[in-house]
file start27.txt (compact mmCIF, C-alpha atoms and all ligand atoms)
# COMPACT_ATOMS: atom_id res chain seq x y z
CA MET A 66 -126.11 -81.25 -75.51
CA LYS A 67 -122.49 -82.35 -75.92
CA ALA A 68 -121.53 -85.50 -77.83
CA ALA A 69 -118.30 -87.06 -79.11
CA LEU A 70 -118.98 -88.08 -82.70
CA ILE A 71 -116.92 -89.55 -85.52
CA GLU A 72 -116.35 -87.18 -88.40
CA ASN A 73 -114.86 -88.46 -91.64
CA GLY A 74 -111.12 -88.22 -91.65
CA ARG A 75 -110.96 -86.36 -88.33
CA GLY A 76 -111.57 -89.10 -85.80
CA ALA A 77 -113.75 -88.22 -82.82
CA VAL A 78 -114.82 -84.61 -82.40
CA LEU A 79 -116.71 -83.03 -79.51
CA ARG A 80 -119.84 -81.30 -80.85
CA GLU A 81 -122.81 -79.40 -79.53
CA VAL A 82 -125.81 -81.20 -81.03
CA GLU A 83 -129.55 -81.31 -80.55
CA ARG A 84 -130.90 -83.71 -77.96
CA PRO A 85 -132.48 -86.67 -79.83
CA LYS A 86 -136.27 -86.72 -80.09
CA ILE A 87 -137.88 -90.06 -79.34
CA GLY A 88 -140.73 -91.88 -81.04
CA LYS A 89 -143.67 -93.67 -79.36
CA GLY A 90 -141.77 -96.90 -78.83
CA GLU A 91 -138.42 -95.38 -77.93
CA VAL A 92 -136.52 -94.33 -74.82
CA LEU A 93 -134.16 -91.45 -74.07
CA ILE A 94 -131.39 -92.17 -71.55
CA ARG A 95 -129.13 -89.73 -69.73
CA THR A 96 -125.60 -91.14 -69.76
CA VAL A 97 -123.94 -91.63 -66.38
CA ALA A 98 -120.95 -93.72 -67.49
CA CYS A 99 -119.77 -95.12 -70.79
CA GLY A 100 -116.63 -97.25 -71.10
CA LEU A 101 -114.15 -96.82 -73.91
CA CYS A 102 -113.83 -100.09 -75.80
CA GLY A 103 -111.10 -101.19 -78.21
CA THR A 104 -113.72 -101.25 -80.97
CA ASP A 105 -114.53 -97.56 -80.31
CA VAL A 106 -110.87 -96.68 -80.67
CA GLU A 107 -110.59 -98.73 -83.87
CA ARG A 108 -113.61 -96.87 -85.26
CA ILE A 109 -112.11 -93.52 -84.28
CA ARG A 110 -108.71 -94.37 -85.78
CA GLY A 111 -110.32 -95.79 -88.91
CA GLY A 112 -109.39 -99.46 -88.58
CA TYR A 113 -112.70 -101.06 -87.63
CA VAL A 114 -114.18 -103.74 -89.84
CA ALA A 115 -117.41 -105.01 -88.25
CA GLY A 116 -119.97 -102.22 -88.26
CA ARG A 117 -121.04 -98.59 -88.53
CA SER A 118 -119.26 -95.61 -87.02
CA VAL A 119 -121.37 -95.20 -83.88
CA ILE A 120 -119.19 -94.95 -80.77
CA GLY A 121 -119.98 -95.62 -77.12
CA HIS A 122 -121.87 -98.82 -76.27
CA GLU A 123 -120.70 -99.90 -72.78
CA VAL A 124 -123.12 -97.57 -71.14
CA ALA A 125 -125.26 -97.16 -68.04
CA GLY A 126 -127.58 -94.29 -67.30
CA ILE A 127 -130.92 -93.00 -66.10
CA VAL A 128 -134.13 -93.03 -68.11
CA GLU A 129 -134.97 -89.42 -69.00
CA GLU A 130 -138.01 -89.90 -71.22
CA VAL A 131 -140.13 -92.82 -72.44
CA GLY A 132 -142.34 -93.00 -75.52
CA GLU A 133 -146.07 -93.31 -74.86
CA GLU A 134 -146.12 -97.00 -75.92
CA VAL A 135 -143.40 -98.03 -73.49
CA ARG A 136 -145.16 -99.25 -70.36
CA TRP A 137 -142.39 -101.11 -68.53
CA LEU A 138 -139.90 -98.28 -68.01
CA ARG A 139 -140.29 -94.92 -66.36
CA ARG A 140 -138.35 -91.72 -65.96
CA GLY A 141 -135.71 -92.13 -63.25
CA ASP A 142 -135.07 -95.87 -63.77
CA ARG A 143 -131.37 -96.75 -63.51
CA VAL A 144 -130.59 -98.91 -66.53
CA VAL A 145 -128.10 -100.68 -68.75
CA PRO A 146 -129.29 -100.83 -72.36
CA HIS A 147 -127.78 -103.34 -74.77
CA HIS A 148 -126.60 -101.57 -77.92
CA HIS A 149 -127.41 -104.50 -80.20
CA THR A 150 -129.97 -107.23 -79.93
CA ASN A 151 -131.22 -110.13 -82.03
CA CYS A 152 -134.66 -110.80 -83.51
CA GLY A 153 -135.21 -114.11 -81.70
CA GLU A 154 -136.90 -115.77 -84.69
CA CYS A 155 -134.50 -116.19 -87.62
CA TYR A 156 -132.40 -119.26 -88.46
CA TYR A 157 -129.37 -117.90 -86.58
CA CYS A 158 -131.37 -116.98 -83.49
CA VAL A 159 -133.04 -120.39 -83.16
CA ASN A 160 -129.79 -122.23 -83.87
CA GLY A 161 -127.63 -120.76 -81.13
CA SER A 162 -126.00 -117.87 -83.00
CA PRO A 163 -127.90 -114.79 -81.78
CA THR A 164 -124.99 -112.45 -82.42
CA MET A 165 -124.99 -113.54 -86.06
CA CYS A 166 -128.67 -112.55 -86.46
CA PRO A 167 -128.98 -110.22 -89.49
CA ASP A 168 -130.75 -107.71 -87.22
CA TYR A 169 -128.06 -107.80 -84.52
CA ARG A 170 -126.03 -104.87 -85.83
CA ARG A 171 -128.86 -103.10 -87.67
CA TYR A 172 -129.84 -100.69 -84.88
CA HIS A 173 -127.69 -98.30 -82.87
CA PHE A 174 -127.87 -95.80 -80.06
CA ASP A 175 -128.37 -92.29 -81.38
CA PRO A 176 -125.95 -90.55 -81.38
CA GLY A 177 -124.03 -93.10 -79.21
CA GLY A 178 -122.99 -93.52 -75.60
CA PHE A 179 -120.41 -90.74 -75.55
CA ALA A 180 -123.11 -88.11 -75.30
CA GLU A 181 -125.10 -86.47 -72.52
CA TYR A 182 -128.25 -88.20 -73.77
CA PHE A 183 -128.94 -90.90 -76.32
CA ARG A 184 -131.99 -92.46 -77.94
CA VAL A 185 -132.59 -96.22 -77.80
CA PRO A 186 -134.36 -97.38 -80.98
CA GLU A 187 -137.70 -99.17 -80.83
CA PHE A 188 -136.33 -102.57 -81.92
CA ILE A 189 -134.10 -102.73 -78.83
CA VAL A 190 -136.85 -101.45 -76.50
CA LYS A 191 -139.39 -103.95 -77.91
CA ARG A 192 -137.00 -106.83 -77.36
CA GLY A 193 -136.65 -105.76 -73.73
CA ALA A 194 -132.91 -105.28 -74.05
CA ILE A 195 -132.78 -102.53 -71.41
CA TYR A 196 -132.00 -103.84 -67.94
CA LYS A 197 -132.89 -102.21 -64.64
CA VAL A 198 -129.95 -101.94 -62.25
CA SER A 199 -130.46 -102.55 -58.53
CA ASP A 200 -129.56 -99.75 -56.13
CA SER A 201 -126.74 -101.88 -54.72
CA LEU A 202 -124.63 -101.37 -57.84
CA SER A 203 -123.15 -98.08 -58.99
CA LEU A 204 -123.91 -97.12 -62.57
CA GLU A 205 -120.18 -96.82 -63.22
CA GLU A 206 -119.77 -100.50 -62.39
CA ALA A 207 -122.98 -101.33 -64.23
CA SER A 208 -121.40 -99.91 -67.40
CA LEU A 209 -119.19 -103.03 -67.38
CA THR A 210 -122.21 -105.29 -67.96
CA GLU A 211 -121.79 -105.48 -71.74
CA PRO A 212 -118.03 -106.21 -71.76
CA LEU A 213 -118.48 -108.77 -68.97
CA ALA A 214 -121.30 -110.37 -70.97
CA CYS A 215 -118.90 -110.73 -73.91
CA CYS A 216 -116.46 -112.55 -71.59
CA LEU A 217 -119.20 -114.87 -70.34
CA ARG A 218 -120.15 -115.78 -73.87
CA ALA A 219 -116.52 -116.54 -74.73
CA LEU A 220 -116.16 -118.91 -71.76
CA ARG A 221 -119.41 -120.64 -72.66
CA ARG A 222 -118.38 -121.07 -76.29
CA SER A 223 -115.03 -122.44 -75.11
CA GLY A 224 -116.72 -125.12 -72.99
CA LEU A 225 -114.93 -124.00 -69.81
CA ARG A 226 -114.89 -126.69 -67.12
CA GLU A 227 -114.29 -126.64 -63.40
CA GLY A 228 -110.65 -127.20 -62.56
CA TRP A 229 -109.32 -125.94 -65.88
CA THR A 230 -106.29 -123.67 -65.94
CA VAL A 231 -106.97 -120.73 -68.23
CA ALA A 232 -104.25 -118.56 -69.80
CA VAL A 233 -105.39 -115.06 -70.74
CA PHE A 234 -103.25 -113.39 -73.42
CA GLY A 235 -103.48 -109.58 -73.32
CA ILE A 236 -104.38 -107.93 -70.01
CA GLY A 237 -106.13 -104.84 -71.29
CA PRO A 238 -109.57 -103.94 -69.93
CA MET A 239 -111.14 -107.10 -71.38
CA GLY A 240 -108.30 -109.34 -70.22
CA ALA A 241 -108.66 -107.82 -66.75
CA LEU A 242 -112.39 -108.59 -66.73
CA PHE A 243 -111.64 -112.18 -67.76
CA LEU A 244 -109.25 -112.47 -64.79
CA GLU A 245 -111.90 -111.20 -62.36
CA LEU A 246 -114.56 -113.46 -63.85
CA LEU A 247 -112.32 -116.56 -63.78
CA LYS A 248 -111.41 -115.77 -60.18
CA SER A 249 -115.09 -115.78 -59.28
CA LEU A 250 -115.45 -119.17 -60.99
CA ASP A 251 -112.45 -120.58 -59.06
CA ASN A 252 -110.46 -121.39 -62.18
CA GLU A 253 -106.68 -121.22 -61.99
CA THR A 254 -105.54 -118.41 -64.25
CA VAL A 255 -102.28 -117.31 -65.88
CA ALA A 256 -101.98 -113.77 -67.27
CA VAL A 257 -99.70 -113.13 -70.25
CA ASP A 258 -98.71 -109.64 -71.41
CA VAL A 259 -95.67 -107.57 -72.34
CA LYS A 260 -96.51 -104.35 -70.50
CA PRO A 261 -95.31 -104.01 -66.88
CA PRO A 262 -98.41 -102.10 -65.61
CA ARG A 263 -100.67 -104.81 -66.98
CA LEU A 264 -98.63 -107.60 -65.40
CA LYS A 265 -98.65 -105.63 -62.18
CA PHE A 266 -102.45 -105.34 -62.33
CA ALA A 267 -102.76 -109.12 -62.68
CA GLU A 268 -100.41 -109.68 -59.74
CA SER A 269 -102.34 -107.17 -57.64
CA ILE A 270 -105.45 -109.34 -57.89
CA GLY A 271 -103.52 -112.53 -57.13
CA VAL A 272 -103.04 -113.92 -60.64
CA ARG A 273 -99.76 -115.55 -61.71
CA THR A 274 -98.13 -113.87 -64.68
CA VAL A 275 -95.91 -114.58 -67.66
CA ASP A 276 -93.91 -111.67 -69.05
CA ALA A 277 -94.10 -112.19 -72.82
CA SER A 278 -91.33 -109.66 -73.45
CA ARG A 279 -88.77 -112.20 -72.30
CA GLY A 280 -88.30 -115.93 -72.04
CA ASN A 281 -90.33 -118.61 -73.73
CA VAL A 282 -94.06 -118.00 -73.25
CA PRO A 283 -95.35 -121.54 -74.01
CA GLU A 284 -92.72 -123.02 -71.69
CA ASP A 285 -93.57 -120.54 -68.93
CA VAL A 286 -97.31 -121.19 -69.32
CA ARG A 287 -96.71 -124.97 -69.21
CA SER A 288 -94.70 -124.69 -66.02
CA LEU A 289 -97.66 -122.85 -64.42
CA SER A 290 -100.24 -125.38 -65.64
CA GLY A 291 -99.12 -128.81 -64.48
CA GLY A 292 -96.44 -129.13 -67.17
CA ARG A 293 -99.16 -129.73 -69.79
CA GLY A 294 -100.09 -126.26 -70.98
CA ALA A 295 -103.30 -124.32 -70.50
CA ASP A 296 -106.61 -126.17 -70.84
CA LEU A 297 -108.00 -123.01 -72.39
CA SER A 298 -106.14 -120.02 -73.81
CA ILE A 299 -108.10 -116.82 -74.38
CA VAL A 300 -106.59 -114.35 -76.82
CA ALA A 301 -107.93 -111.04 -75.54
CA THR A 302 -105.89 -109.05 -78.06
CA GLY A 303 -105.86 -108.87 -81.85
CA ASN A 304 -102.11 -109.35 -81.91
CA SER A 305 -101.14 -112.22 -84.24
CA VAL A 306 -98.00 -113.06 -82.23
CA ALA A 307 -100.27 -113.66 -79.23
CA ILE A 308 -102.53 -115.94 -81.32
CA LEU A 309 -99.57 -118.15 -82.29
CA SER A 310 -98.17 -118.08 -78.79
CA ALA A 311 -101.58 -119.07 -77.36
CA ILE A 312 -101.78 -122.11 -79.66
CA LYS A 313 -98.31 -123.23 -78.53
CA SER A 314 -99.22 -122.66 -74.87
CA THR A 315 -102.36 -124.83 -75.01
CA ARG A 316 -102.26 -128.45 -73.89
CA ASN A 317 -103.03 -131.39 -76.19
CA GLY A 318 -106.82 -131.55 -76.52
CA GLY A 319 -107.20 -127.98 -75.24
CA THR A 320 -109.00 -124.97 -76.69
CA VAL A 321 -107.90 -121.56 -77.98
CA CYS A 322 -110.56 -118.85 -77.93
CA LEU A 323 -110.08 -115.91 -80.30
CA PHE A 324 -111.63 -112.90 -78.60
CA GLY A 325 -109.68 -109.75 -79.51
CA LEU A 326 -110.38 -108.58 -83.05
CA PRO A 327 -107.23 -108.67 -85.23
CA PRO A 328 -106.81 -105.95 -87.88
CA LYS A 329 -108.52 -106.84 -91.17
CA GLY A 330 -106.21 -108.87 -93.38
CA THR A 331 -104.30 -110.47 -90.50
CA LYS A 332 -102.66 -113.74 -91.54
CA VAL A 333 -100.77 -116.07 -89.26
CA ASP A 334 -98.06 -118.58 -90.07
CA GLN A 335 -99.43 -121.68 -88.35
CA ASP A 336 -98.84 -125.31 -89.27
CA PHE A 337 -102.41 -126.65 -89.25
CA SER A 338 -101.26 -130.26 -88.98
CA GLU A 339 -100.20 -129.39 -85.43
CA LEU A 340 -103.79 -128.44 -84.54
CA LEU A 341 -105.08 -131.84 -85.63
CA VAL A 342 -102.22 -133.93 -84.28
CA ARG A 343 -102.53 -132.20 -80.91
CA GLU A 344 -106.32 -131.91 -81.19
CA VAL A 345 -106.30 -128.22 -80.31
CA SER A 346 -109.68 -126.56 -80.97
CA LEU A 347 -109.99 -123.00 -82.21
CA VAL A 348 -113.16 -121.15 -81.30
CA SER A 349 -114.05 -117.49 -81.69
CA SER A 350 -116.50 -115.36 -79.76
CA ASN A 351 -118.07 -112.14 -80.93
CA ALA A 352 -120.27 -109.87 -78.78
CA ALA A 353 -122.94 -111.01 -76.31
CA SER A 354 -126.48 -112.40 -76.23
CA GLU A 355 -129.30 -111.16 -73.97
CA ASP A 356 -128.82 -114.19 -71.69
CA ASP A 357 -125.19 -113.15 -71.27
CA MET A 358 -126.26 -109.56 -70.45
CA VAL A 359 -128.69 -110.77 -67.78
CA GLU A 360 -126.10 -113.07 -66.21
CA ALA A 361 -123.33 -110.44 -66.32
CA LEU A 362 -125.50 -107.87 -64.57
CA ARG A 363 -126.47 -110.44 -61.91
CA LEU A 364 -122.79 -111.29 -61.26
CA LEU A 365 -122.01 -107.60 -60.80
CA GLU A 366 -125.05 -106.91 -58.61
CA GLU A 367 -124.32 -109.90 -56.38
CA ARG A 368 -120.68 -108.78 -56.14
CA ARG A 369 -119.54 -112.17 -57.39
CA VAL A 370 -117.43 -110.30 -59.92
CA ASP A 371 -115.72 -107.24 -58.50
CA ALA A 372 -115.39 -104.85 -61.39
CA SER A 373 -114.44 -101.83 -59.32
CA LYS A 374 -110.69 -102.45 -59.62
CA VAL A 375 -110.93 -102.74 -63.39
CA ILE A 376 -112.12 -99.11 -63.61
CA THR A 377 -108.94 -97.03 -63.42
CA HIS A 378 -109.81 -93.73 -65.14
CA ARG A 379 -112.78 -91.37 -65.46
CA PHE A 380 -113.00 -88.37 -67.77
CA PRO A 381 -115.75 -85.87 -68.57
CA LEU A 382 -116.77 -85.58 -72.23
CA GLU A 383 -114.69 -82.41 -72.61
CA ARG A 384 -111.56 -84.45 -72.02
CA PHE A 385 -112.44 -87.22 -74.50
CA GLU A 386 -109.14 -86.85 -76.37
CA GLU A 387 -107.20 -87.33 -73.13
CA ALA A 388 -109.24 -90.42 -72.33
CA LEU A 389 -108.30 -91.85 -75.73
CA GLU A 390 -104.63 -91.19 -75.08
CA ILE A 391 -104.72 -92.99 -71.73
CA PHE A 392 -106.56 -95.91 -73.33
CA GLU A 393 -104.02 -96.20 -76.12
CA SER A 394 -101.04 -95.89 -73.77
CA GLY A 395 -102.12 -99.15 -72.14
CA GLU A 396 -101.49 -97.56 -68.74
CA GLY A 397 -104.99 -97.95 -67.45
CA MET A 398 -107.61 -100.65 -67.52
CA LYS A 399 -111.20 -99.51 -68.11
CA VAL A 400 -111.43 -95.83 -69.00
CA LEU A 401 -114.90 -94.37 -68.40
CA ILE A 402 -116.44 -91.26 -69.87
CA THR A 403 -118.72 -89.70 -67.26
CA PRO A 404 -120.35 -86.81 -69.11
ZN ZN B 501 -117.11 -103.13 -76.08
ZN ZN B 502 -132.47 -113.31 -85.60
call {"tool": "encode", "arguments": {"input": "start27.txt", "output": "structure tokens", "more": "lines below"}}
Ligand SMILES: [Zn+2]
Ligand SMILES: [Zn+2]
result
Amino acid sequence: MKAALIENGRGAVLREVERPKIGKGEVLIRTVACGLCGTDVERIRGGYVAGRSVIGHEVAGIVEEVGEEVRWLRRGDRVVPHHHTNCGECYYCVNGSPTMCPDYRRYHFDPGGFAEYFRVPEFIVKRGAIYKVSDSLSLEEASLTEPLACCLRALRRSGLREGWTVAVFGIGPMGALFLELLKSLDNETVAVDVKPPRLKFAESIGVRTVDASRGNVPEDVRSLSGGRGADLSIVATGNSVAILSAIKSTRNGGTVCLFGLPPKGTKVDQDFSELLVREVSLVSSNAASEDDMVEALRLLEERRVDASKVITHRFPLERFEEALEIFESGEGMKVLITP
């Protein structure tokens, strides 16, 4: 079968490899769609800091084979597997930090989602972290479950309330999902970016925008949020200028959520007395729990979040390099690999 794999010093390379063999408690899935994520690109380009070099995790597919001990799945099931899951028993799990569980990043798809087939390890199967998708939802849209789950977790950690105005900094694929999700929750939203196609995307779904390439971003955000500033600013980019700008654009007593992963070693020049004087809270959000996965899939299935517009490009595995180029150009939103 074909698979895009990371090879040392060469980035991602398309290879002909053997189809994975599964054990008694494992599952083999045929990939239907797998979204390119910023973390995949960071892994490919050599800048990733939070895990191993397995690429392709925003995936949906069809069960091809189940191990003899797996009773609750069968060949032909349409599913979204979660690439990481927690143990459910350790200190972190029982104290509200499932994504900080020491087991959370221990297991991976083999060889990853950018392959015709991949193996789901027993730990993930045992924890039930494979979700059946109803026939009403396409598997392409279902592949957005994991990224949407990450957005849900970020809003929960930020203590989002009804009536809050939320500024989203960085309208890439994740920023775009935040906009769709916030729309479904009836929160006023302001989109901030520098790239014209991204601002245009936000406008096309009815979101007010601030062009960060000109003018004064905090002033512009304030004028679109009752003169106070955003109640919540989500930084859906790792750009340190956006982090500083988000803090300045947040109202007194408001919250800034760090969501996009900055490059390792990023330092920002922020006067911390301002945070206390203005009582601005900083929170961060990393990955998604199983509860978030379940809720995200439900929102997609019930069409409460319309993810279809967020998917702008589809490429077969053979054109993986081209897909990467489109992703990095910032022209598109979600780029899917459909092997
Ligand atoms: Zn992702
Ligand atoms: Zn745990």
call {"tool": "residues_near_ligand", "arguments": {"input": "start27.txt", "ligand": "ligand ZN 502 (chain B)", "cutoff": "10 Å", "atoms": "only C-alpha atoms and all ligand atoms", "output": "ChimeraX atom specification"}}
result
/A:150-169
call {"tool": "residues_near_ligand", "arguments": {"input": "start27.txt", "ligand": "ligand ZN 501 (chain B)", "cutoff": "10 Å", "atoms": "only C-alpha atoms and all ligand atoms", "output": "list in words"}}
result
Cys99, Gly100, Leu101, Cys102, Gly103, Thr104, Asp105, Ile120, Gly121, His122, Glu123, Val124, His148, Leu209, Thr210, Glu211, Pro212, Leu213, Ala214, Cys215, Pro238, Met239, Ala352 and Ala353 of chain A
call {"tool": "atom_distance", "arguments": {"input": "start27.txt", "atom1": "atom CA of A:Val333", "atom2": "atom CA of A:Gly319"}}
result
19.5 Å
call {"tool": "atom_distance", "arguments": {"input": "start27.txt", "atom1": "atom CA of A:Gly178", "atom2": "atom CA of A:Thr96"}}
result
6.8 Å
call {"tool": "closest_residue", "arguments": {"input": "start27.txt", "among": "A:Ser350, A:Val106, A:Phe380, A:Ser338", "to": "A:Leu323", "atoms": "all atoms listed in the file"}}
result
A:Ser350
call {"tool": "residues_near_point", "arguments": {"input": "start27.txt", "point": "(-99.1, -124.5, -66.7)", "cutoff": "9 Å", "atoms": "all atoms listed in the file", "output": "short mmCIF file (atom, residue, chain, number, x, y, z; two decimals) with C-alpha atoms, in the frame of the given file"}}
result
data_model
loop_
_atom_site.label_atom_id
_atom_site.label_comp_id
_atom_site.auth_asym_id
_atom_site.auth_seq_id
_atom_site.Cartn_x
_atom_site.Cartn_y
_atom_site.Cartn_z
CA THR A 230 -106.29 -123.67 -65.94
CA VAL A 231 -106.97 -120.73 -68.23
CA ALA A 232 -104.25 -118.56 -69.80
CA VAL A 255 -102.28 -117.31 -65.88
CA PRO A 283 -95.35 -121.54 -74.01
CA GLU A 284 -92.72 -123.02 -71.69
CA ASP A 285 -93.57 -120.54 -68.93
CA VAL A 286 -97.31 -121.19 -69.32
CA ARG A 287 -96.71 -124.97 -69.21
CA SER A 288 -94.70 -124.69 -66.02
CA LEU A 289 -97.66 -122.85 -64.42
CA SER A 290 -100.24 -125.38 -65.64
CA GLY A 291 -99.12 -128.81 -64.48
CA GLY A 292 -96.44 -129.13 -67.17
CA ARG A 293 -99.16 -129.73 -69.79
CA GLY A 294 -100.09 -126.26 -70.98
CA ALA A 295 -103.30 -124.32 -70.50
CA ASP A 296 -106.61 -126.17 -70.84
CA SER A 314 -99.22 -122.66 -74.87
CA THR A 315 -102.36 -124.83 -75.01
CA ARG A 316 -102.26 -128.45 -73.89
#
call {"tool": "closest_residue", "arguments": {"input": "start27.txt", "among": "A:Gly237, A:Ile109, A:Ala98, A:Arg143", "to": "A:Val78", "atoms": "all atoms listed in the file"}}
result
A:Ile109
call {"tool": "residues_around", "arguments": {"input": "start27.txt", "residues": "A:Arg273", "least_positions_apart": "2", "cutoff": "7 Å", "atoms": "all atoms listed in the file", "output": "short mmCIF file (atom, residue, chain, number, x, y, z; two decimals) with C-alpha atoms, keeping the file's coordinate frame"}}
result
data_model
loop_
_atom_site.label_atom_id
_atom_site.label_comp_id
_atom_site.auth_asym_id
_atom_site.auth_seq_id
_atom_site.Cartn_x
_atom_site.Cartn_y
_atom_site.Cartn_z
CA THR A 254 -105.54 -118.41 -64.25
CA VAL A 255 -102.28 -117.31 -65.88
CA ALA A 256 -101.98 -113.77 -67.27
CA GLU A 268 -100.41 -109.68 -59.74
CA GLY A 271 -103.52 -112.53 -57.13
#
call {"tool": "atom_distance", "arguments": {"input": "start27.txt", "atom1": "atom CA of A:Ile402", "atom2": "atom CA of A:Arg379"}}
result
5.7 Å
call {"tool": "closest_residue", "arguments": {"input": "start27.txt", "among": "A:Met358, A:Val275, A:Leu309, A:Leu297", "to": "A:Val198", "atoms": "all atoms listed in the file"}}
result
A:Met358
call {"tool": "residues_around", "arguments": {"input": "start27.txt", "residues": "A:Ile127", "least_positions_apart": "2", "cutoff": "7 Å", "atoms": "all atoms listed in the file", "output": "VMD selection string"}}
result
chain A and resid 94 to 96 129 141 to 144
call {"tool": "closest_residue", "arguments": {"input": "start27.txt", "among": "A:Arg279, A:Arg226, A:Lys260, A:Lys197", "to": "A:Arg363", "atoms": "all atoms listed in the file"}}
result
A:Lys197
call {"tool": "residues_around", "arguments": {"input": "start27.txt", "residues": "stretch 372-376 of chain A", "least_positions_apart": "6", "cutoff": "10 Å", "atoms": "all atoms listed in the file", "output": "PyMOL selection string"}}
result
chain A and resi 100+203+205-210+213+237-242+244-246+266+269-270+364-365+397-401
